[in-house]
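Quick look at my_file-v3.txt (compact mmCIF, C-alpha atoms):
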```txt
# COMPACT_ATOMS: atom_id res chain seq x y z
CA MET A 1 -29.57 8.56 -27.16
CA ARG A 2 -26.53 10.79 -27.65
CA VAL A 3 -24.95 11.83 -24.34
CA PHE A 4 -22.47 14.59 -23.54
CA VAL A 5 -20.01 13.75 -20.74
CA THR A 6 -17.73 16.40 -19.25
CA GLY A 7 -14.67 15.16 -17.40
CA CYS A 8 -14.87 12.04 -19.58
CA ALA A 9 -11.19 11.14 -19.16
CA GLY A 10 -11.28 11.33 -15.38
CA PHE A 11 -11.54 8.62 -12.76
CA ILE A 12 -15.34 8.43 -12.62
CA GLY A 13 -16.00 9.90 -16.07
CA SER A 14 -14.07 7.22 -17.96
CA HIS A 15 -16.04 4.48 -16.20
CA LEU A 16 -19.30 6.28 -17.01
CA VAL A 17 -18.32 6.52 -20.68
CA GLU A 18 -17.76 2.77 -20.82
CA ARG A 19 -21.11 2.09 -19.16
CA LEU A 20 -23.02 4.40 -21.51
CA LEU A 21 -21.41 2.84 -24.58
CA ALA A 22 -22.19 -0.64 -23.27
CA ASP A 23 -25.81 0.45 -22.87
CA GLY A 24 -25.91 1.37 -26.56
CA HIS A 25 -25.68 5.16 -26.29
CA GLU A 26 -23.50 7.45 -28.37
CA VAL A 27 -21.13 9.49 -26.21
CA ALA A 28 -19.58 12.88 -26.91
CA GLY A 29 -16.77 13.23 -24.39
CA PHE A 30 -15.26 16.54 -23.33
CA ASP A 31 -12.16 16.97 -21.15
CA ASP A 32 -9.29 19.44 -20.85
CA LEU A 33 -6.96 16.60 -19.70
CA SER A 34 -5.65 18.73 -16.84
CA THR A 35 -6.27 15.84 -14.45
CA GLY A 36 -7.97 13.32 -16.73
CA ARG A 37 -5.85 10.83 -18.64
CA GLN A 38 -6.49 9.85 -22.22
CA ARG A 39 -5.24 6.33 -21.52
CA PHE A 40 -8.28 5.86 -19.24
CA LEU A 41 -10.33 6.04 -22.44
CA ALA A 42 -8.35 3.33 -24.24
CA GLY A 43 -11.41 1.09 -24.45
CA ALA A 44 -13.60 3.86 -25.84
CA LEU A 45 -11.42 5.73 -28.32
CA ASP A 46 -11.79 3.08 -31.04
CA ARG A 47 -15.53 2.73 -30.58
CA PRO A 48 -17.61 4.24 -33.42
CA GLY A 49 -20.10 5.69 -30.93
CA PHE A 50 -17.52 7.77 -29.05
CA THR A 51 -15.93 11.12 -29.84
CA LEU A 52 -13.46 13.06 -27.69
CA THR A 53 -13.07 16.83 -27.67
CA VAL A 54 -10.12 18.24 -25.73
CA GLY A 55 -10.94 21.71 -24.46
CA GLU A 56 -12.02 23.90 -21.55
CA LEU A 57 -15.67 24.25 -20.58
CA ARG A 58 -15.42 28.02 -20.58
CA ASN A 59 -14.59 27.84 -24.30
CA THR A 60 -18.26 27.98 -25.17
CA ASP A 61 -17.73 27.65 -28.93
CA ALA A 62 -15.92 24.32 -28.45
CA VAL A 63 -18.59 23.12 -26.03
CA ALA A 64 -21.38 24.10 -28.44
CA ARG A 65 -19.81 22.12 -31.29
CA ALA A 66 -19.30 19.04 -29.11
CA LEU A 67 -22.79 19.28 -27.61
CA ASP A 68 -24.51 19.42 -31.00
CA GLY A 69 -27.08 16.64 -31.34
CA CYS A 70 -26.91 15.55 -27.70
CA ASP A 71 -30.00 14.79 -25.63
CA MET A 72 -28.51 14.60 -22.14
CA VAL A 73 -25.50 15.91 -20.21
CA PHE A 74 -23.50 14.24 -17.45
CA HIS A 75 -21.40 16.99 -15.90
CA LEU A 76 -18.44 15.51 -14.01
CA ALA A 77 -15.66 17.96 -14.86
CA ALA A 78 -14.38 19.74 -11.75
CA ASN A 79 -11.45 20.55 -9.57
CA ALA A 80 -11.71 17.73 -7.04
CA ASP A 81 -8.72 18.66 -4.87
CA VAL A 82 -10.55 19.53 -1.66
CA ARG A 83 -7.54 19.68 0.62
CA HIS A 84 -5.54 22.36 -1.21
CA GLY A 85 -8.43 24.71 -1.99
CA LEU A 86 -7.17 27.48 0.28
CA ALA A 87 -3.84 27.60 -1.57
CA ASP A 88 -5.60 28.69 -4.79
CA PRO A 89 -9.03 30.15 -3.94
CA ARG A 90 -9.94 30.95 -7.54
CA ARG A 91 -9.51 27.37 -8.73
CA ASP A 92 -12.71 25.97 -7.21
CA LEU A 93 -14.71 29.01 -8.31
CA GLU A 94 -13.47 28.89 -11.88
CA ARG A 95 -13.40 25.14 -12.50
CA ASN A 96 -16.51 24.18 -10.53
CA THR A 97 -18.93 27.11 -10.44
CA LEU A 98 -18.08 29.29 -13.44
CA ALA A 99 -17.47 26.27 -15.68
CA THR A 100 -20.91 24.95 -14.72
CA PHE A 101 -22.48 28.31 -15.56
CA ALA A 102 -20.75 28.31 -18.96
CA LEU A 103 -22.02 24.80 -19.68
CA LEU A 104 -25.59 25.67 -18.67
CA GLU A 105 -25.57 28.69 -20.96
CA VAL A 106 -24.51 26.58 -23.93
CA MET A 107 -27.18 24.01 -23.06
CA ARG A 108 -29.80 26.77 -22.90
CA THR A 109 -28.91 28.21 -26.30
CA ARG A 110 -28.73 24.74 -27.88
CA GLY A 111 -32.00 23.52 -26.42
CA VAL A 112 -30.54 20.72 -24.26
CA ARG A 113 -32.48 20.61 -21.00
CA ARG A 114 -31.41 17.46 -19.10
CA ILE A 115 -28.31 17.33 -16.90
CA ALA A 116 -26.93 15.08 -14.16
CA PHE A 117 -24.30 16.81 -12.02
CA THR A 118 -21.79 15.24 -9.64
CA SER A 119 -22.01 17.38 -6.54
CA SER A 120 -20.51 16.41 -3.19
CA GLY A 121 -21.30 15.56 0.40
CA ALA A 122 -18.85 18.37 1.19
CA VAL A 123 -21.77 20.81 0.79
CA TYR A 124 -22.97 19.68 4.25
CA GLY A 125 -19.79 20.89 5.94
CA ASP A 126 -19.81 19.75 9.57
CA ALA A 127 -23.26 18.23 9.28
CA PRO A 128 -25.54 18.52 12.33
CA ALA A 129 -26.91 15.01 11.71
CA VAL A 130 -25.10 11.83 10.66
CA PRO A 131 -26.20 10.02 8.51
CA THR A 132 -27.03 13.26 6.74
CA PRO A 133 -30.26 13.55 4.70
CA GLU A 134 -30.68 15.83 1.68
CA ASP A 135 -32.93 18.21 3.62
CA ALA A 136 -30.46 18.75 6.46
CA PRO A 137 -30.00 22.42 7.36
CA PHE A 138 -26.85 23.81 5.80
CA PRO A 139 -24.13 24.91 8.19
CA VAL A 140 -21.58 27.57 7.33
CA GLN A 141 -19.54 26.16 4.47
CA SER A 142 -16.22 24.80 5.69
CA SER A 143 -14.39 24.35 2.35
CA LEU A 144 -14.13 26.34 -0.85
CA TYR A 145 -14.75 23.11 -2.75
CA GLY A 146 -18.04 22.51 -0.95
CA ALA A 147 -19.05 26.14 -1.44
CA SER A 148 -18.31 25.96 -5.17
CA LYS A 149 -20.36 22.77 -5.57
CA LEU A 150 -23.29 24.25 -3.65
CA ALA A 151 -23.15 27.38 -5.82
CA ALA A 152 -23.27 25.14 -8.91
CA GLU A 153 -26.32 23.37 -7.49
CA ALA A 154 -27.97 26.76 -7.00
CA LEU A 155 -27.36 27.58 -10.67
CA LEU A 156 -28.92 24.26 -11.67
CA GLY A 157 -32.00 25.07 -9.59
CA ALA A 158 -32.32 28.52 -11.13
CA TYR A 159 -32.04 27.15 -14.68
CA CYS A 160 -34.67 24.56 -13.85
CA ALA A 161 -37.03 27.26 -12.57
CA GLY A 162 -36.30 29.81 -15.28
CA TYR A 163 -35.68 27.71 -18.39
CA GLY A 164 -37.46 24.42 -17.77
CA PHE A 165 -34.35 22.31 -17.22
CA GLN A 166 -34.53 18.87 -15.61
CA ALA A 167 -31.51 18.30 -13.39
CA TRP A 168 -30.13 15.85 -10.87
CA ALA A 169 -27.48 16.85 -8.35
CA LEU A 170 -25.85 13.76 -6.90
CA ARG A 171 -24.03 14.49 -3.66
CA LEU A 172 -21.26 11.92 -3.55
CA VAL A 173 -19.13 10.68 -0.71
CA SER A 174 -15.49 10.00 -1.68
CA VAL A 175 -15.26 7.46 -4.48
CA LEU A 176 -12.71 4.63 -4.71
CA GLY A 177 -11.77 2.04 -7.31
CA GLU A 178 -9.84 1.44 -10.49
CA ARG A 179 -8.27 4.57 -12.08
CA TYR A 180 -8.43 6.37 -8.72
CA SER A 181 -5.78 9.07 -8.87
CA HIS A 182 -6.12 11.25 -5.77
CA GLY A 183 -7.32 10.99 -2.20
CA HIS A 184 -6.39 9.20 0.99
CA VAL A 185 -5.78 5.69 -0.42
CA PHE A 186 -3.62 7.15 -3.19
CA ASP A 187 -1.66 9.26 -0.69
CA PHE A 188 -1.08 6.39 1.72
CA VAL A 189 0.04 3.98 -1.01
CA GLN A 190 2.36 6.61 -2.44
CA LYS A 191 3.86 7.33 0.98
CA LEU A 192 4.35 3.65 1.78
CA ARG A 193 6.12 3.08 -1.53
CA ALA A 194 8.57 5.81 -0.56
CA ASP A 195 9.00 4.70 3.08
CA ALA A 196 7.31 1.59 4.47
CA ALA A 197 8.79 2.15 7.95
CA GLU A 198 6.94 5.36 8.85
CA ILE A 199 3.85 7.19 7.67
CA GLU A 200 2.30 10.56 8.41
CA VAL A 201 -1.45 10.65 9.08
CA LEU A 202 -3.28 13.96 8.73
CA GLY A 203 -5.45 14.47 11.81
CA ASN A 204 -5.74 12.02 14.69
CA GLY A 205 -6.75 8.98 12.63
CA ARG A 206 -10.20 8.84 14.22
CA GLN A 207 -12.01 10.83 11.54
CA ARG A 208 -14.87 8.70 10.23
CA LYS A 209 -15.58 8.62 6.50
CA SER A 210 -17.89 6.82 4.12
CA TYR A 211 -16.55 5.68 0.75
CA LEU A 212 -18.22 4.43 -2.43
CA TYR A 213 -16.95 2.07 -5.12
CA VAL A 214 -16.74 3.64 -8.58
CA GLY A 215 -18.98 1.00 -10.18
CA ASP A 216 -21.71 1.80 -7.65
CA CYS A 217 -21.22 5.52 -8.33
CA VAL A 218 -21.72 5.04 -12.07
CA GLU A 219 -24.83 2.94 -11.40
CA ALA A 220 -26.19 5.79 -9.24
CA LEU A 221 -25.66 8.31 -12.06
CA VAL A 222 -27.39 6.09 -14.60
CA THR A 223 -30.25 5.28 -12.23
CA ALA A 224 -30.89 8.93 -11.40
CA ALA A 225 -30.89 10.01 -15.05
CA ARG A 226 -33.66 7.54 -15.86
CA GLY A 227 -36.01 9.56 -13.66
CA ASP A 228 -38.93 11.63 -14.85
CA GLY A 229 -40.40 14.84 -13.54
CA ALA A 230 -39.24 18.43 -13.66
CA GLY A 231 -36.94 20.73 -11.77
CA LEU A 232 -33.92 19.90 -9.64
CA THR A 233 -33.69 16.57 -7.82
CA VAL A 234 -31.03 16.27 -5.12
CA LEU A 235 -29.81 12.78 -4.25
CA ASN A 236 -27.24 11.61 -1.73
CA VAL A 237 -24.96 8.81 -2.91
CA GLY A 238 -23.14 6.75 -0.30
CA THR A 239 -22.97 3.54 1.67
CA ASP A 240 -24.67 2.82 4.98
CA ASP A 241 -21.39 2.39 6.82
CA ASP A 242 -18.15 4.25 7.43
CA CYS A 243 -14.67 3.63 8.75
CA THR A 244 -11.97 5.56 10.55
CA VAL A 245 -8.86 6.77 8.77
CA ASP A 246 -6.87 4.42 11.00
CA GLU A 247 -9.00 1.44 9.96
CA SER A 248 -8.58 2.27 6.28
CA LEU A 249 -4.82 2.67 6.72
CA GLY A 250 -4.73 -0.72 8.43
CA TRP A 251 -6.39 -2.39 5.43
CA ILE A 252 -3.95 -0.67 3.07
CA CYS A 253 -0.95 -1.75 5.14
CA GLU A 254 -2.25 -5.32 5.26
CA ALA A 255 -2.63 -5.41 1.48
CA LEU A 256 0.90 -4.07 1.01
CA GLY A 257 2.49 -6.14 3.77
CA ALA A 258 3.66 -2.97 5.54
CA ARG A 259 3.86 -2.20 9.27
CA PRO A 260 4.83 1.46 9.48
CA GLN A 261 5.10 3.62 12.57
CA ARG A 262 2.20 6.07 12.41
CA ARG A 263 2.84 9.75 13.05
CA TYR A 264 -0.31 11.83 13.60
CA ARG A 265 -0.46 15.49 12.66
CA GLY A 266 -3.24 17.76 13.83
CA GLY A 267 -6.43 17.39 15.82
CA ASP A 268 -9.81 15.94 14.87
CA ARG A 269 -9.53 16.85 11.16
CA GLY A 270 -6.84 16.43 8.53
CA TRP A 271 -6.90 20.00 7.16
CA PRO A 272 -9.06 23.15 7.31
CA GLY A 273 -12.43 22.21 5.85
CA ASP A 274 -12.08 18.47 6.46
CA SER A 275 -15.20 17.17 8.18
CA PRO A 276 -14.49 14.73 11.06
CA HIS A 277 -17.51 12.54 10.24
CA VAL A 278 -19.07 11.96 6.81
CA ARG A 279 -21.90 9.53 6.14
CA LEU A 280 -24.90 10.30 3.95
CA ASP A 281 -28.47 9.03 4.07
CA SER A 282 -29.17 7.62 0.59
CA THR A 283 -32.79 6.59 1.20
CA ARG A 284 -34.10 8.69 -1.71
CA LEU A 285 -31.80 7.05 -4.23
CA ARG A 286 -32.45 3.56 -2.85
CA ALA A 287 -36.15 4.16 -3.44
CA LEU A 288 -35.32 4.35 -7.16
CA GLY A 289 -33.89 0.83 -7.03
CA TRP A 290 -30.21 1.65 -6.50
CA LYS A 291 -28.05 0.15 -3.80
CA PRO A 292 -24.27 -0.20 -3.41
CA ARG A 293 -22.86 -3.63 -4.20
CA VAL A 294 -19.31 -3.20 -2.89
CA GLY A 295 -18.46 -2.50 0.76
CA ILE A 296 -15.88 0.00 1.94
CA ARG A 297 -13.18 -2.50 2.84
CA ASP A 298 -13.50 -4.23 -0.53
CA ALA A 299 -13.42 -0.86 -2.31
CA VAL A 300 -10.21 0.07 -0.49
CA GLY A 301 -8.69 -3.31 -1.39
CA ARG A 302 -9.61 -3.03 -5.07
CA THR A 303 -8.10 0.46 -5.18
CA VAL A 304 -4.82 -0.70 -3.64
CA GLU A 305 -4.59 -3.60 -6.08
CA TYR A 306 -5.16 -1.29 -9.02
CA LEU A 307 -2.46 1.10 -7.85
CA ARG A 308 -0.05 -1.80 -7.32
CA ALA A 309 -0.73 -3.00 -10.87
CA ASN A 310 -0.39 0.54 -12.29
CA PRO A 311 2.59 2.12 -10.49
CA TRP A 312 2.91 4.73 -13.27
CA LEU A 313 -0.11 6.47 -11.76
CA LEU A 314 1.75 7.00 -8.49
CA GLU A 315 4.64 8.83 -10.11
CA ARG A 316 4.45 12.55 -9.47
CA GLY A 317 3.37 14.37 -12.59
CA ALA A 318 2.32 11.12 -14.26
CA ARG A 319 0.10 11.49 -17.29
```
What do you get writing this file as structure tokens?
Amino acid sequence: MRVFVTGCAGFIGSHLVERLLADGHEVAGFDDLSTGRQRFLAGALDRPGFTLTVGELRNTDAVARALDGCDMVFHLAANADVRHGLADPRRDLERNTLATFALLEVMRTRGVRRIAFTSSGAVYGDAPAVPTPEDAPFPVQSSLYGASKLAAEALLGAYCAGYGFQAWALRLVSVLGERYSHGHVFDFVQKLRADAAEIEVLGNGRQRKSYLYVGDCVEALVTAARGDGAGLTVLNVGTDDDCTVDESLGWICEALGARPQRRYRGGDRGWPGDSPHVRLDSTRLRALGWKPRVGIRDAVGRTVEYLRANPWLLERGAR
């Protein structure tokens, strides 16, 4: 099978590329390298079954050329910076929703009808039930990122109904692991490198979050895409446990041998749109044979070790 992967040079996308190649598939990768890093693809670039196109998804001619001959799409390209969405409101709309629409249109005209999409648990906002199932009632959206992902899911559903697409929307919790380049573990490690005596914590430290190891995330994507049927299938992807921000910071400090004074900023959430408690019910996905292999504490530890071994990634503006 020939597979098209958007966001192929990103944190999750580069791991997915390696897995697909190992499984014997040909992979056409597509990335604008705005946040992805070509060095993440070092193990794939010399493989005969891999091609890389550098471009923007809204450049439909470039996408059409790269998509030619593909049977399946994994759509991972997105703006994943949840916290700073309010500073640039157009960014989530353009890079998440409109880019997805552009991709779907190229798929429609080229006759490619299968797509797995990395959505987010952020679509649940302040969920009324935790762990949160896929059929939970939607609250008012609390982040532009979550709203843009939910809008993209709606487009997937409409293309399934109108054009016979088969789609999977995987609502992920935050993902950790090797090549991780943004998020709370990254921020804490970066801050502790600059000053191990004191650290700022957004919120009160008691926010509870669930995290997923990148290898388990890739396995979820591959498992979902093996499914049959028609229409849009929505699947939560997460672990059965969670931890507080304070607990996670404690594990990071232990790994780094740091004992900083903690300074808390804000109330029960780190920023506008940050949900105080995130944990998803992944029963549907587990019924397909998937289950996470790596626990949260181990995932945090592996992430810290990777960042320690790759300090270049922590440099501001690092490519």
Notebook entry, point to check: What is the atom CA of Ala80 of chain A-atom CA of Asp195 of chain A distance in Å, reported with one decimal?
Noted result: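 Rounded to one decimal, the two atoms are 26.5 Å apart.
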Notebook entry, point to check: Of the candidates A:Gly7, A:Gly289, A:Gly69, A:Pro260, which one gets nearest to Ala196 of chain A if we count all atoms listed in the file?
Noted result: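 Closest to Ala196 of chain A of all the choices is A:Pro260.
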Notebook entry, point to check: What does the distance from atom CA of Leu256 of chain A to atom CA of Asn204 of chain A come to in Å, to one decimal?
Noted result: 22.1 Å
Item checked: For Ala22 of chain A: contacts at 12 Å, all atoms listed in the file, fewer than 2 positions along chain excluded, given as a PyMOL selection string -> chain A and resi 15-20+24-27+43-44+47+49-50
Checklist line | Pairwise distance for atom CA of Arg179 of chain A and atom CA of Cys217 of chain A, rounded to one decimal in Å | finding: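 These two atoms are separated by 13.5 Å.
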Next item on the list: Fewer than 3 positions away in the same chain doesn't count, so skip those; otherwise give me all residues within 9 Å of Ala122 of chain A, counting all atoms listed in the file, as a PyMOL selection string.
Entry: chain A and resi 82+119+125-126+141-143+145-147+149-150+171-173+273-275+278
Next item on the list: Tell me, as an NGL selection string, which residues lie within 6 Å of segment 128-134 of chain A, counting all atoms listed in the file; anything in the same chain fewer than 5 positions away does not count.
Entry: :A and (279-281)
Margin query: Just checking: using all atoms listed in the file, which residue out of A:Thr118, A:Ser174, A:Ser34, A:Thr283 ends up closest to Val214 of chain A?
Written below: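 Comparing A:Thr118, A:Ser174, A:Ser34, A:Thr283 against Val214 of chain A, the winner is A:Ser174.
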Check: Near Asp187 of chain A, within 12 Å and counting only C-alpha atoms, which residues show up once chain neighbours fewer than 4 positions away are dropped, as a VMD selection string?
Finding: chain A and resid 180 to 183 191 to 194 199 to 202 249 252 303 to 304 307 313 to 316
Next item on the list: Might you pull out every residue within 10 Å of segment 151-154 of chain A, with all atoms listed in the file counted and same-chain residues fewer than 5 positions away left off, and present them as number ranges by chain?
Entry: A: 93, 96-101, 117-119, 123, 145-146, 159-160, 167-171, 232, 234
Restrict the selected residues to C-alpha atoms and save them as a PDB file, in the frame of the given file.
```pdb
ATOM      1  CA  LEU A  93     -14.710  29.010  -8.310  1.00  0.00           C
ATOM      2  CA  ASN A  96     -16.510  24.180 -10.530  1.00  0.00           C
ATOM      3  CA  THR A  97     -18.930  27.110 -10.440  1.00  0.00           C
ATOM      4  CA  LEU A  98     -18.080  29.290 -13.440  1.00  0.00           C
ATOM      5  CA  ALA A  99     -17.470  26.270 -15.680  1.00  0.00           C
ATOM      6  CA  THR A 100     -20.910  24.950 -14.720  1.00  0.00           C
ATOM      7  CA  PHE A 101     -22.480  28.310 -15.560  1.00  0.00           C
ATOM      8  CA  PHE A 117     -24.300  16.810 -12.020  1.00  0.00           C
ATOM      9  CA  THR A 118     -21.790  15.240  -9.640  1.00  0.00           C
ATOM     10  CA  SER A 119     -22.010  17.380  -6.540  1.00  0.00           C
ATOM     11  CA  VAL A 123     -21.770  20.810   0.790  1.00  0.00           C
ATOM     12  CA  TYR A 145     -14.750  23.110  -2.750  1.00  0.00           C
ATOM     13  CA  GLY A 146     -18.040  22.510  -0.950  1.00  0.00           C
ATOM     14  CA  TYR A 159     -32.040  27.150 -14.680  1.00  0.00           C
ATOM     15  CA  CYS A 160     -34.670  24.560 -13.850  1.00  0.00           C
ATOM     16  CA  ALA A 167     -31.510  18.300 -13.390  1.00  0.00           C
ATOM     17  CA  TRP A 168     -30.130  15.850 -10.870  1.00  0.00           C
ATOM     18  CA  ALA A 169     -27.480  16.850  -8.350  1.00  0.00           C
ATOM     19  CA  LEU A 170     -25.850  13.760  -6.900  1.00  0.00           C
ATOM     20  CA  ARG A 171     -24.030  14.490  -3.660  1.00  0.00           C
ATOM     21  CA  LEU A 232     -33.920  19.900  -9.640  1.00  0.00           C
ATOM     22  CA  VAL A 234     -31.030  16.270  -5.120  1.00  0.00           C
TER      23      VAL A 234
END
```
Note to self: Calculated over all atoms listed in the file, which of the candidates A:Ala197, A:Leu41, A:Asp92, A:Asp61 has the smallest distance to Gly257 of chain A?
What the structure shows: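 Ranked by minimum distance to Gly257 of chain A, first place goes to A:Ala197.
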Item checked: Using only C-alpha atoms: which of A:Asn59, A:Thr6, A:Ser248, A:Asn236 has the shortest distance to Ala136 of chain A ->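 Counting only C-alpha atoms, the residue closest to Ala136 of chain A is A:Asn236.
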So that all listed atoms of segment 25-33 of chain A fit with 4 Å spare on each side, what axis-aligned box centre and edge lengths in Å, to one decimal, would you give as lines of an AutoDock Vina configuration file?
```
center_x = -16.3
center_y = 12.3
center_z = -24.0
size_x = 26.7
size_y = 22.3
size_z = 16.7
```
Next item on the list: Choose the residue, out of A:Arg114, A:Cys8, A:Arg65, A:Ala28, that has the smallest atom-to-atom separation from Ala42 of chain A; count only C-alpha atoms.
Entry: A:Cys8
Next item on the list: Find, counting all atoms listed in the file, the residue in A:Leu212, A:Ile115, A:Leu76, A:Ile12 that gets nearest to Gly227 of chain A.
Entry: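 Closest candidate: A:Ile115.
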